[in-house]
Amino acid sequence: MARRPSRESFDLSARLSTTALLIGVALLLAFAGSNARSASAQTAGVRVTAVTPSTISVSAGSTHTCALSSDGTVKCWGDNSALELGSDTKSLSLVPLQVAGVSNATQVSAGYGYTCALISDGTVECWGDNTYDQLGNGKKDSSSTPVRVSGITSAIQISTGEFHACAVISGGQVKCWGYGADGQLGNGAKESSSTPVTVSGITSATQVSVGEFHTCAVISGGQAKCWGSGSIGQLGNGAGKSSSTPVSVSGITSATQISAGGHHTCAVLSSGRVSCWGDNYEGELGDGTQNDSPTPVTAGGPVIATHAVQIATGDDFSCVLLSKGTIACWGDNRYGMLGNGSTESMDIPDPLQGIATVTQISSASSDSCALLADGSVKCWGDNTYGQLGNSKLGYQMKPVKVSGLAGARSVSAGFDSTCAALGGGKIKCWGNNFDGQLGDGKLISSPTPVAAKKVAKATQITIGDSFVCARVSSGRIKCWGRGLDGQLGNGVSNDRSVPVTVSKVANATQVASGDAFACAALATGAVKCWGFNRNGELGSGSPSKSEDKPRPAAVSGIKNATQVSTGSDSACARLASGQVECWGDGEDGELGNGKKKKSWKPVTVVGINNATQVSVGMDHACAVLSTGKIKCWGGGYDGQLGNGKGMPSLTPVTVSHVTNATAVSAADFYTCARLASGRIKCWGMGSSGQLGTGALADHEAPVTVRGLSGAKTIGAGSDFACARLRSRTVRCWGDNHDGELGNGETGYSTTPVSVSGLS
């Protein structure tokens with residue numbers, strides 16, 4: 001059976017050493033009088049999304065993490081295959097989700113596939129996996145909603161481990177429940193119990209810590225006692241064997257806090273020193289050797305000295321919080337759980353760089369989290385299940401920060417790059433630059449914004465497949481990037497890494513880019529298009545005029561357009577009458593006229609006469625109506641039509657639960673809309689996080705983008721989206737493999753992240 005972590009909590013206010021008195025005062029203020037909680041490890045310093053400054057403790061479980069807020073609510077993130085997040089979806093979440101039904105918790109402890117919370121009335125509630133009776137309610141069923149642990153009414157502290165949990169009772173007794181085959185329940189038996197049993201011989205415990213298959217407690221006089229599995233010396237009594245009742249740890253008489261890990265244990269002493277015992281194969285005892293020890297050895301040398309405040313142990317590593325608010329870790333580092341920017345294991349403590357003002361730490365199997373004085377949370381280490389809460393997967397080895405930006409006026413998301421128009425009309429772009437679509441004269445991709453050359457006074461920007469077009473204040477259009485199909489509109493079919501002026505357009509009011517073509521609405525009401533034309537994208541009126549055009553040509557029959565939108569290989573125009581006309585490829589019904597075929601000239605969309613805006617995606621289109629509702633048509637198998645059915649439609653259908661939309665943006669197989677409230681809702685394919693919900697899941701009806709308000713504009717790209725906020729900052733979410741989110745990183749983000757360097 002694979003090793004897992006320990007998770008413990010302790011009453012910090014009662015156990016601060018005299019040498020840590022000053023930081024103790026700060027910790028007490030930060031904790032608002034509550035208990036500090038938990039242990040289990042991860043990578044360095046990823047800021048956890050959506051955990052607010054009111055967070056007062058954090059607990060890292062094996063593959064999930066939970067945080068307690070000052071209002072008594074609990075939020076969890078990471079793996080949910082065993083319902084440990086308190087959600088019945090069984091889908092992992094890369095951002096915190098509030099656990100329903102918990103409103104007055106004073107401590108939370110995350111275990112292996114389950115979670116428990118101490119309630120203010122002294123009861124304990126647990127949820128998640130119950131295969132080994134770890135929910136303690138006398139039943140065998142797992143539960144996504146909290147269930148009350150039987151017979152506990154006066155608990156003061158709790159700890160969860162691999163498959164068992166324990167609580168300190170107000171009188172000093174300890175009660176445990178769950179898996180007990182190694183004697184870890186401490187009642188003299190080696191059998192599991194679905195309800196709490198009393199640990200033998202302990203009447204004055206002040207703190208308990210549950211490890212993988214053993215348990216330890218601090219006794220009021222400073223002694224430490226352990227029970228359960230002890231074959232590698234983790235009980236600390238020198239015997240090197242298991243015990244189903246508590247045994248005294250040799251030589252420990254002044255413990256203030258204890259943490260039971262996978263197969264080792266560590267304790268903070270009143271002197272501020274740290275003692276550890278048990279397994280040391282990865283150097284987790286911190287004494288500079290890799291020799292197991294059945295009795296305590298001193299960890300840390302000069303790094304710890306007498307400065308320890310709290311200890312947290314993971315599977316094969318340990319971390320200590322020091323009196324200056326810093327952290328040092330040692331032991332196994334294969335997933336970056338030491339937070340030092342490498343994966344090299346250490347048998348002596350190594351200071352964690354880039355993180356300070358820490359008030360509490362928690363370690364799990366292979367990741368850790370820290371609570372900072374400002375109420376924020378940072379995590380590091382393994383992130384296979386999203387347990388670091390930073391909207392991404394993949395382990396993190398050192399602290400990272402998300403940078404802000406200011407001054408953006410509009411933003412456009414394309415296939416694998418993004419651009420923003422700034423104050424003063426400058427343009428910055430980021431993401432893939434293979435075809436020169438960033439406009440900086442280079443062919444080097446950039447995960448942060450770079451300035452496009454030779455363009456000024458831009459008022460609007462649009463991105464196609466590897467090319468970009470912008471309207472400038474004079475009414476002219478400039479384009480750059482891929483141009484092999486004539487989509488740059490300058491009369492030639494060549495790529496350009498700096499902007500060129502589109503021919504024969506001097507009075508454009510708006511521009512839109514498709515896959516390999518572009519269109520502009522003119523002040524006269526006409527529409528001109530240029531580029532690829534083999535599906536009728538240019539609206540030339542006849543299949544006989546199907547050649548590509550590197551210079552703009554008028555769309556047949558359009559005389560009173562107020563706006564134009566281009567998709568993959570079709571386009572639509574909103575007319576002054578409120579009607580919508582579309583042309584180009586229609587094999588998925590994206591022309592909205594009830595047919596499944598191409599049209600070389602504009603056809604009228606059925607049943608729409610009050611549109612205020614239209615947007616065309618890969619195989620579907622949508623329109624905002626004057627009523628605030630949205631109607632969509634075309635391909636729908638991924639839910640992009642938003643009517644909850646997941647089926648295509650040759651004519652418009654009404655998007656569910658949207659009544660106050662002001663703008664819509666249709667992308668490849670999903671759609672996003674801005675509401676009058678400034679919120680964003682998205683629907684359709686979500687496999688790259690492009691719906692912004694914190695999960696990788698499709699939705700056939702609209703869902704709200706998490707943590708985003710005050711949006712002024714919305715732009716949906718291939719599988720990512722961006723919004724400009726009232727503050728003129730830009731936030732993006734979804735696929736980020738080419739740096740299209742602009743936050744200096746790659747991967748993907750299921751919730752909005754700030755674009756850096758737009759000022």
# chains A, B, ... in the order shown; residues from 1 in each chain; ligands from 1
>>> residues_around(residues="Ala458 in chain A", least_positions_apart="6", cutoff="6 Å", atoms="only C-alpha atoms", output="NGL selection string")
:A and (425 or 471-472)
>>> write_last_selection(atoms="all heavy atoms", output="mmCIF file, in the first residue's frame")
data_model
loop_
_atom_site.group_PDB
_atom_site.id
_atom_site.type_symbol
_atom_site.label_atom_id
_atom_site.label_comp_id
_atom_site.auth_asym_id
_atom_site.auth_seq_id
_atom_site.Cartn_x
_atom_site.Cartn_y
_atom_site.Cartn_z
ATOM 1 N N GLY A 425 -3.685 53.987 -28.117
ATOM 2 C CA GLY A 425 -3.819 53.283 -29.378
ATOM 3 C C GLY A 425 -2.714 52.308 -29.692
ATOM 4 O O GLY A 425 -2.660 51.755 -30.796
ATOM 5 N N ARG A 471 -8.344 48.104 -36.497
ATOM 6 C CA ARG A 471 -8.852 49.361 -37.041
ATOM 7 C C ARG A 471 -8.158 50.499 -36.321
ATOM 8 O O ARG A 471 -8.048 50.495 -35.087
ATOM 9 C CB ARG A 471 -10.356 49.485 -36.845
ATOM 10 C CG ARG A 471 -10.923 50.798 -37.381
ATOM 11 C CD ARG A 471 -12.330 51.056 -36.890
ATOM 12 N NE ARG A 471 -12.851 52.318 -37.420
ATOM 13 C CZ ARG A 471 -12.691 53.512 -36.837
ATOM 14 N NH1 ARG A 471 -12.013 53.601 -35.690
ATOM 15 N NH2 ARG A 471 -13.186 54.602 -37.382
ATOM 16 N N VAL A 472 -7.671 51.487 -37.083
ATOM 17 C CA VAL A 472 -7.060 52.662 -36.477
ATOM 18 C C VAL A 472 -8.021 53.837 -36.613
ATOM 19 O O VAL A 472 -9.020 53.767 -37.342
ATOM 20 C CB VAL A 472 -5.689 52.972 -37.108
ATOM 21 C CG1 VAL A 472 -4.731 51.817 -36.862
ATOM 22 C CG2 VAL A 472 -5.816 53.248 -38.598
#
>>> residues_around(residues="range 215-219 of chain A", least_positions_apart="2", cutoff="10 Å", atoms="only C-alpha atoms", output="PyMOL selection string")
chain A and resi 6+8+10+159-161+164-166+168+172+174+176+183-186+202-213+221-229+234-236+246-249+252-261+265-267
>>> residues_around(residues="Val309 in chain A", least_positions_apart="2", cutoff="6 Å", atoms="only C-alpha atoms", output="list of chain:residue names")
A:Leu321, A:Leu322, A:Ser323
>>> write_last_selection(atoms="N, CA, C and O atoms", output="PDB file, in the first residue's frame")
ATOM      1  N   LEU A 321       7.967  25.603  10.478  1.00  0.00           N
ATOM      2  CA  LEU A 321       7.736  27.042  10.512  1.00  0.00           C
ATOM      3  C   LEU A 321       8.633  27.635  11.584  1.00  0.00           C
ATOM      4  O   LEU A 321       8.619  27.190  12.739  1.00  0.00           O
ATOM      5  N   LEU A 322       9.417  28.640  11.198  1.00  0.00           N
ATOM      6  CA  LEU A 322      10.366  29.259  12.113  1.00  0.00           C
ATOM      7  C   LEU A 322       9.813  30.569  12.666  1.00  0.00           C
ATOM      8  O   LEU A 322       8.854  31.146  12.125  1.00  0.00           O
ATOM      9  N   SER A 323      10.441  31.041  13.742  1.00  0.00           N
ATOM     10  CA  SER A 323       9.896  32.185  14.483  1.00  0.00           C
ATOM     11  C   SER A 323       9.866  33.469  13.669  1.00  0.00           C
ATOM     12  O   SER A 323       9.108  34.388  13.986  1.00  0.00           O
TER      13      SER A 323
END
>>> atom_distance(atom1="CA of Val703 in chain A", atom2="CA of Thr448 in chain A")
28.4 Å
>>> residues_around(residues="range 513-517 of chain A", least_positions_apart="4", cutoff="6 Å", atoms="only C-alpha atoms", output="mmCIF file with all heavy atoms, in the first residue's frame")
data_model
loop_
_atom_site.group_PDB
_atom_site.id
_atom_site.type_symbol
_atom_site.label_atom_id
_atom_site.label_comp_id
_atom_site.auth_asym_id
_atom_site.auth_seq_id
_atom_site.Cartn_x
_atom_site.Cartn_y
_atom_site.Cartn_z
ATOM 1 N N THR A 462 -8.743 42.480 -33.808
ATOM 2 C CA THR A 462 -9.378 41.180 -34.015
ATOM 3 C C THR A 462 -8.327 40.178 -34.476
ATOM 4 O O THR A 462 -7.394 40.531 -35.204
ATOM 5 C CB THR A 462 -10.516 41.283 -35.052
ATOM 6 O OG1 THR A 462 -11.074 39.984 -35.297
ATOM 7 C CG2 THR A 462 -10.016 41.858 -36.359
ATOM 8 N N ILE A 463 -8.459 38.938 -34.048
ATOM 9 C CA ILE A 463 -7.461 37.909 -34.345
ATOM 10 C C ILE A 463 -8.104 36.742 -35.076
ATOM 11 O O ILE A 463 -9.150 36.231 -34.661
ATOM 12 C CB ILE A 463 -6.787 37.397 -33.058
ATOM 13 C CG1 ILE A 463 -6.129 38.552 -32.314
ATOM 14 C CG2 ILE A 463 -5.747 36.335 -33.376
ATOM 15 C CD1 ILE A 463 -5.385 38.134 -31.078
ATOM 16 N N GLY A 464 -7.467 36.323 -36.162
ATOM 17 C CA GLY A 464 -7.880 35.126 -36.877
ATOM 18 C C GLY A 464 -6.950 33.973 -36.552
ATOM 19 O O GLY A 464 -6.365 33.921 -35.470
ATOM 20 N N ASP A 465 -6.795 33.070 -37.502
ATOM 21 C CA ASP A 465 -5.881 31.951 -37.315
ATOM 22 C C ASP A 465 -4.483 32.405 -37.718
ATOM 23 O O ASP A 465 -4.126 32.432 -38.889
ATOM 24 C CB ASP A 465 -6.328 30.758 -38.158
ATOM 25 C CG ASP A 465 -5.462 29.522 -37.932
ATOM 26 O OD1 ASP A 465 -4.500 29.604 -37.136
ATOM 27 O OD2 ASP A 465 -5.742 28.489 -38.560
ATOM 28 N N GLN A 487 -5.064 37.031 -46.577
ATOM 29 C CA GLN A 487 -5.859 37.555 -45.460
ATOM 30 C C GLN A 487 -5.319 38.846 -44.860
ATOM 31 O O GLN A 487 -5.993 39.457 -44.028
ATOM 32 C CB GLN A 487 -6.017 36.491 -44.366
ATOM 33 C CG GLN A 487 -4.724 35.934 -43.790
ATOM 34 C CD GLN A 487 -4.298 34.643 -44.436
ATOM 35 O OE1 GLN A 487 -4.116 34.596 -45.651
ATOM 36 N NE2 GLN A 487 -4.126 33.598 -43.644
ATOM 37 N N TRP A 530 -11.776 40.018 -47.573
ATOM 38 C CA TRP A 530 -10.589 39.639 -48.336
ATOM 39 C C TRP A 530 -9.971 38.369 -47.756
ATOM 40 O O TRP A 530 -10.194 38.027 -46.605
ATOM 41 C CB TRP A 530 -9.574 40.774 -48.347
ATOM 42 C CG TRP A 530 -9.115 41.241 -46.983
ATOM 43 C CD1 TRP A 530 -8.018 40.828 -46.303
ATOM 44 C CD2 TRP A 530 -9.753 42.210 -46.154
ATOM 45 N NE1 TRP A 530 -7.926 41.474 -45.091
ATOM 46 C CE2 TRP A 530 -8.977 42.335 -44.976
ATOM 47 C CE3 TRP A 530 -10.913 42.999 -46.280
ATOM 48 C CZ2 TRP A 530 -9.319 43.196 -43.935
ATOM 49 C CZ3 TRP A 530 -11.247 43.860 -45.257
ATOM 50 C CH2 TRP A 530 -10.452 43.956 -44.098
ATOM 51 N N GLY A 531 -9.202 37.639 -48.587
ATOM 52 C CA GLY A 531 -8.535 36.430 -48.144
ATOM 53 C C GLY A 531 -9.117 35.172 -48.746
ATOM 54 O O GLY A 531 -9.565 35.147 -49.903
ATOM 55 N N PHE A 532 -9.141 34.115 -47.996
ATOM 56 C CA PHE A 532 -9.588 32.782 -48.423
ATOM 57 C C PHE A 532 -11.070 32.814 -48.802
ATOM 58 O O PHE A 532 -11.888 33.420 -48.107
ATOM 59 C CB PHE A 532 -9.361 31.808 -47.276
ATOM 60 C CG PHE A 532 -9.527 30.365 -47.642
ATOM 61 C CD1 PHE A 532 -8.531 29.675 -48.297
ATOM 62 C CD2 PHE A 532 -10.686 29.684 -47.301
ATOM 63 C CE1 PHE A 532 -8.671 28.333 -48.618
ATOM 64 C CE2 PHE A 532 -10.840 28.346 -47.610
ATOM 65 C CZ PHE A 532 -9.829 27.664 -48.273
ATOM 66 N N THR A 566 -16.872 37.286 -38.175
ATOM 67 C CA THR A 566 -16.363 36.195 -38.989
ATOM 68 C C THR A 566 -16.066 34.980 -38.121
ATOM 69 O O THR A 566 -15.576 35.113 -36.997
ATOM 70 C CB THR A 566 -15.080 36.627 -39.708
ATOM 71 O OG1 THR A 566 -14.178 37.175 -38.750
ATOM 72 C CG2 THR A 566 -15.379 37.658 -40.765
ATOM 73 N N GLY A 567 -16.362 33.799 -38.668
ATOM 74 C CA GLY A 567 -16.063 32.557 -37.971
ATOM 75 C C GLY A 567 -14.963 31.808 -38.675
ATOM 76 O O GLY A 567 -14.103 32.390 -39.342
ATOM 77 N N SER A 568 -14.982 30.491 -38.549
ATOM 78 C CA SER A 568 -13.957 29.676 -39.187
ATOM 79 C C SER A 568 -13.982 29.859 -40.694
ATOM 80 O O SER A 568 -12.983 30.218 -41.314
ATOM 81 C CB SER A 568 -14.170 28.209 -38.830
ATOM 82 O OG SER A 568 -13.248 27.393 -39.499
#
>>> closest_residue(among="A:Gly262, A:Pro196, A:Gly188, A:Gly639", to="Ser242 in chain A", atoms="only C-alpha atoms")
A:Gly188
>>> residues_around(residues="His737 in chain A", least_positions_apart="3", cutoff="7 Å", atoms="only C-alpha atoms", output="PDB file with N, CA and C atoms, in the first residue's frame")
ATOM      1  N   THR A 746       2.904  28.841 -18.945  1.00  0.00           N
ATOM      2  CA  THR A 746       2.247  27.995 -19.928  1.00  0.00           C
ATOM      3  C   THR A 746       1.470  26.913 -19.192  1.00  0.00           C
ATOM      4  N   GLY A 747       0.671  26.149 -19.953  1.00  0.00           N
ATOM      5  CA  GLY A 747      -0.198  25.137 -19.345  1.00  0.00           C
ATOM      6  C   GLY A 747      -1.630  25.495 -19.648  1.00  0.00           C
ATOM      7  N   TYR A 748      -2.480  25.583 -18.645  1.00  0.00           N
ATOM      8  CA  TYR A 748      -3.819  26.127 -18.815  1.00  0.00           C
ATOM      9  C   TYR A 748      -4.337  26.568 -17.461  1.00  0.00           C
TER      10      TYR A 748
END
>>> atom_distance(atom1="CA of Ala308 in chain A", atom2="CA of Gln353 in chain A")
17.1 Å
>>> residues_around(residues="Lys559 in chain A", least_positions_apart="4", cutoff="10 Å", atoms="only C-alpha atoms", output="list in words")
Ala521, Leu522, Thr524, Gly525, Ala526, Val527, Ala554, Val555, Leu575 and Ala576 of chain A
>>> atom_distance(atom1="CA of Leu285 in chain A", atom2="CA of Trp330 in chain A")
8.0 Å
>>> residues_around(residues="Gly128 in chain A", least_positions_apart="5", cutoff="10 Å", atoms="only C-alpha atoms", output="tab-separated table (two decimals) with N, CA and C atoms, in the first residue's frame")
chain	number	residue	atom	x	y	z
A	80	ASN	N	-11.46	14.86	-6.32
A	80	ASN	CA	-12.79	14.66	-5.73
A	80	ASN	C	-13.35	13.29	-6.10
A	81	SER	N	-12.47	12.37	-6.47
A	81	SER	CA	-12.94	11.05	-6.89
A	81	SER	C	-13.61	10.29	-5.77
A	82	ALA	N	-13.30	10.66	-4.51
A	82	ALA	CA	-13.93	10.01	-3.35
A	82	ALA	C	-14.91	10.94	-2.64
A	83	LEU	N	-15.28	12.05	-3.29
A	83	LEU	CA	-16.23	13.03	-2.76
A	83	LEU	C	-15.63	13.90	-1.65
A	84	GLU	N	-14.30	13.94	-1.57
A	84	GLU	CA	-13.65	14.64	-0.47
A	84	GLU	C	-13.77	16.15	-0.51
A	85	LEU	N	-14.21	16.71	-1.65
A	85	LEU	CA	-14.41	18.15	-1.74
A	85	LEU	C	-15.80	18.56	-1.28
A	86	GLY	N	-16.63	17.57	-0.95
A	86	GLY	CA	-18.00	17.89	-0.55
A	86	GLY	C	-18.91	18.16	-1.73
A	87	SER	N	-18.50	17.70	-2.91
A	87	SER	CA	-19.29	17.85	-4.13
A	87	SER	C	-19.59	16.47	-4.69
A	88	ASP	N	-20.79	16.28	-5.20
A	88	ASP	CA	-21.18	14.95	-5.68
A	88	ASP	C	-20.79	14.72	-7.14
A	111	GLY	N	-7.88	14.46	4.93
A	111	GLY	CA	-7.24	13.16	4.97
A	111	GLY	C	-7.01	12.60	3.59
A	112	TYR	N	-6.95	11.30	3.49
A	112	TYR	CA	-6.76	10.63	2.21
A	112	TYR	C	-8.12	10.23	1.66
A	113	GLY	N	-8.69	11.09	0.81
A	113	GLY	CA	-9.99	10.82	0.21
A	113	GLY	C	-11.16	11.20	1.08
A	114	TYR	N	-10.93	11.87	2.18
A	114	TYR	CA	-12.02	12.34	3.03
A	114	TYR	C	-11.56	13.57	3.79
A	115	THR	N	-12.52	14.25	4.42
A	115	THR	CA	-12.24	15.49	5.15
A	115	THR	C	-13.11	15.53	6.39
A	116	CYS	N	-12.59	16.12	7.46
A	116	CYS	CA	-13.37	16.31	8.67
A	116	CYS	C	-13.27	17.76	9.13
A	134	GLN	N	-13.93	5.72	8.02
A	134	GLN	CA	-13.28	6.94	8.46
A	134	GLN	C	-14.23	8.12	8.66
A	135	LEU	N	-15.50	8.00	8.27
A	135	LEU	CA	-16.45	9.08	8.53
A	135	LEU	C	-17.03	8.99	9.95
A	141	ASP	N	-21.47	3.86	3.99
A	141	ASP	CA	-21.64	4.62	2.76
A	141	ASP	C	-20.76	5.86	2.75
A	142	SER	N	-20.11	6.11	1.61
A	142	SER	CA	-19.41	7.38	1.42
A	142	SER	C	-20.43	8.50	1.28
A	143	SER	N	-20.00	9.73	1.48
A	143	SER	CA	-20.95	10.84	1.47
A	143	SER	C	-20.30	12.10	0.94
A	144	SER	N	-20.99	12.78	0.01
A	144	SER	CA	-20.51	14.06	-0.49
A	144	SER	C	-20.95	15.22	0.40
A	145	THR	N	-21.84	14.93	1.32
A	145	THR	CA	-22.30	15.95	2.27
A	145	THR	C	-21.82	15.57	3.67
A	146	PRO	N	-21.51	16.55	4.51
A	146	PRO	CA	-20.99	16.25	5.85
A	146	PRO	C	-21.96	15.40	6.68
A	147	VAL	N	-21.40	14.39	7.35
A	147	VAL	CA	-22.18	13.57	8.29
A	147	VAL	C	-21.54	13.69	9.66
>>> closest_residue(among="A:Lys601, A:Lys428, A:His620, A:Lys442", to="Cys582 in chain A", atoms="only C-alpha atoms")
A:Lys601
>>> decode(residues="range 259-346 of chain A", atoms="C-alpha atoms", output="mmCIF file, in the first residue's frame")
data_model
loop_
_atom_site.group_PDB
_atom_site.id
_atom_site.type_symbol
_atom_site.label_atom_id
_atom_site.label_comp_id
_atom_site.auth_asym_id
_atom_site.auth_seq_id
_atom_site.Cartn_x
_atom_site.Cartn_y
_atom_site.Cartn_z
ATOM 1 C CA SER A 259 3.237 15.715 13.644
ATOM 2 C CA ALA A 260 2.920 12.090 12.514
ATOM 3 C CA GLY A 261 4.024 11.517 8.920
ATOM 4 C CA GLY A 262 4.099 8.512 6.625
ATOM 5 C CA HIS A 263 6.505 6.384 8.679
ATOM 6 C CA HIS A 264 8.204 9.032 10.791
ATOM 7 C CA THR A 265 7.238 11.546 13.450
ATOM 8 C CA CYS A 266 8.556 14.953 14.507
ATOM 9 C CA ALA A 267 7.888 17.167 17.515
ATOM 10 C CA VAL A 268 8.566 20.810 18.382
ATOM 11 C CA LEU A 269 10.026 21.228 21.882
ATOM 12 C CA SER A 270 9.577 24.164 24.242
ATOM 13 C CA SER A 271 13.187 25.121 23.525
ATOM 14 C CA GLY A 272 12.279 25.743 19.878
ATOM 15 C CA ARG A 273 14.209 22.674 18.736
ATOM 16 C CA VAL A 274 12.807 19.826 16.635
ATOM 17 C CA SER A 275 13.157 16.098 17.367
ATOM 18 C CA CYS A 276 12.270 13.392 14.835
ATOM 19 C CA TRP A 277 12.214 9.587 14.829
ATOM 20 C CA GLY A 278 11.343 6.629 12.592
ATOM 21 C CA ASP A 279 12.000 6.124 8.881
ATOM 22 C CA ASN A 280 14.888 8.155 7.440
ATOM 23 C CA TYR A 281 15.388 6.619 3.993
ATOM 24 C CA GLU A 282 14.860 10.004 2.299
ATOM 25 C CA GLY A 283 16.479 12.072 5.037
ATOM 26 C CA GLU A 284 13.122 13.031 6.565
ATOM 27 C CA LEU A 285 14.522 13.067 10.121
ATOM 28 C CA GLY A 286 16.711 16.035 9.165
ATOM 29 C CA ASP A 287 19.806 14.953 11.107
ATOM 30 C CA GLY A 288 22.176 14.831 8.141
ATOM 31 C CA THR A 289 21.995 11.055 7.753
ATOM 32 C CA GLN A 290 19.747 8.506 6.109
ATOM 33 C CA ASN A 291 19.742 6.155 9.096
ATOM 34 C CA ASP A 292 16.415 5.113 10.618
ATOM 35 C CA SER A 293 16.069 5.886 14.307
ATOM 36 C CA PRO A 294 13.590 4.266 16.762
ATOM 37 C CA THR A 295 14.277 7.077 19.238
ATOM 38 C CA PRO A 296 14.307 10.871 18.729
ATOM 39 C CA VAL A 297 17.223 12.647 17.026
ATOM 40 C CA THR A 298 17.669 16.405 16.728
ATOM 41 C CA ALA A 299 16.788 17.869 13.335
ATOM 42 C CA GLY A 300 18.039 20.959 11.690
ATOM 43 C CA GLY A 301 21.336 22.208 13.025
ATOM 44 C CA PRO A 302 21.772 25.985 12.729
ATOM 45 C CA VAL A 303 18.847 26.451 10.308
ATOM 46 C CA ILE A 304 16.333 25.468 12.976
ATOM 47 C CA ALA A 305 18.445 25.966 16.123
ATOM 48 C CA THR A 306 15.874 27.153 18.672
ATOM 49 C CA HIS A 307 13.521 28.887 16.243
ATOM 50 C CA ALA A 308 10.865 26.228 15.518
ATOM 51 C CA VAL A 309 7.223 27.199 15.990
ATOM 52 C CA GLN A 310 5.338 24.443 14.142
ATOM 53 C CA ILE A 311 6.249 21.171 12.406
ATOM 54 C CA ALA A 312 4.402 19.514 9.502
ATOM 55 C CA THR A 313 5.326 16.085 8.156
ATOM 56 C CA GLY A 314 4.452 14.543 4.818
ATOM 57 C CA ASP A 315 5.025 11.068 3.511
ATOM 58 C CA ASP A 316 8.841 11.164 3.408
ATOM 59 C CA PHE A 317 9.637 14.799 4.145
ATOM 60 C CA SER A 318 9.187 17.427 6.841
ATOM 61 C CA CYS A 319 8.729 21.199 6.995
ATOM 62 C CA VAL A 320 9.130 23.558 9.929
ATOM 63 C CA LEU A 321 7.736 27.042 10.512
ATOM 64 C CA LEU A 322 10.366 29.259 12.113
ATOM 65 C CA SER A 323 9.896 32.185 14.483
ATOM 66 C CA LYS A 324 10.642 34.769 11.774
ATOM 67 C CA GLY A 325 7.740 33.527 9.659
ATOM 68 C CA THR A 326 9.958 31.571 7.268
ATOM 69 C CA ILE A 327 9.941 27.854 6.395
ATOM 70 C CA ALA A 328 12.618 25.175 6.050
ATOM 71 C CA CYS A 329 11.988 21.682 4.638
ATOM 72 C CA TRP A 330 13.976 18.438 4.276
ATOM 73 C CA GLY A 331 13.623 14.861 3.023
ATOM 74 C CA ASP A 332 12.166 13.568 -0.244
ATOM 75 C CA ASN A 333 11.888 16.182 -3.009
ATOM 76 C CA ARG A 334 10.877 14.268 -6.121
ATOM 77 C CA TYR A 335 7.835 16.518 -6.704
ATOM 78 C CA GLY A 336 9.374 19.721 -5.419
ATOM 79 C CA MET A 337 7.889 19.366 -1.945
ATOM 80 C CA LEU A 338 10.877 21.076 -0.318
ATOM 81 C CA GLY A 339 9.947 24.237 -2.194
ATOM 82 C CA ASN A 340 13.540 25.137 -3.015
ATOM 83 C CA GLY A 341 13.229 25.224 -6.792
ATOM 84 C CA SER A 342 14.736 21.776 -7.382
ATOM 85 C CA THR A 343 13.868 18.082 -7.091
ATOM 86 C CA GLU A 344 16.989 17.135 -5.144
ATOM 87 C CA SER A 345 16.305 15.509 -1.771
ATOM 88 C CA MET A 346 17.947 16.954 1.355
#
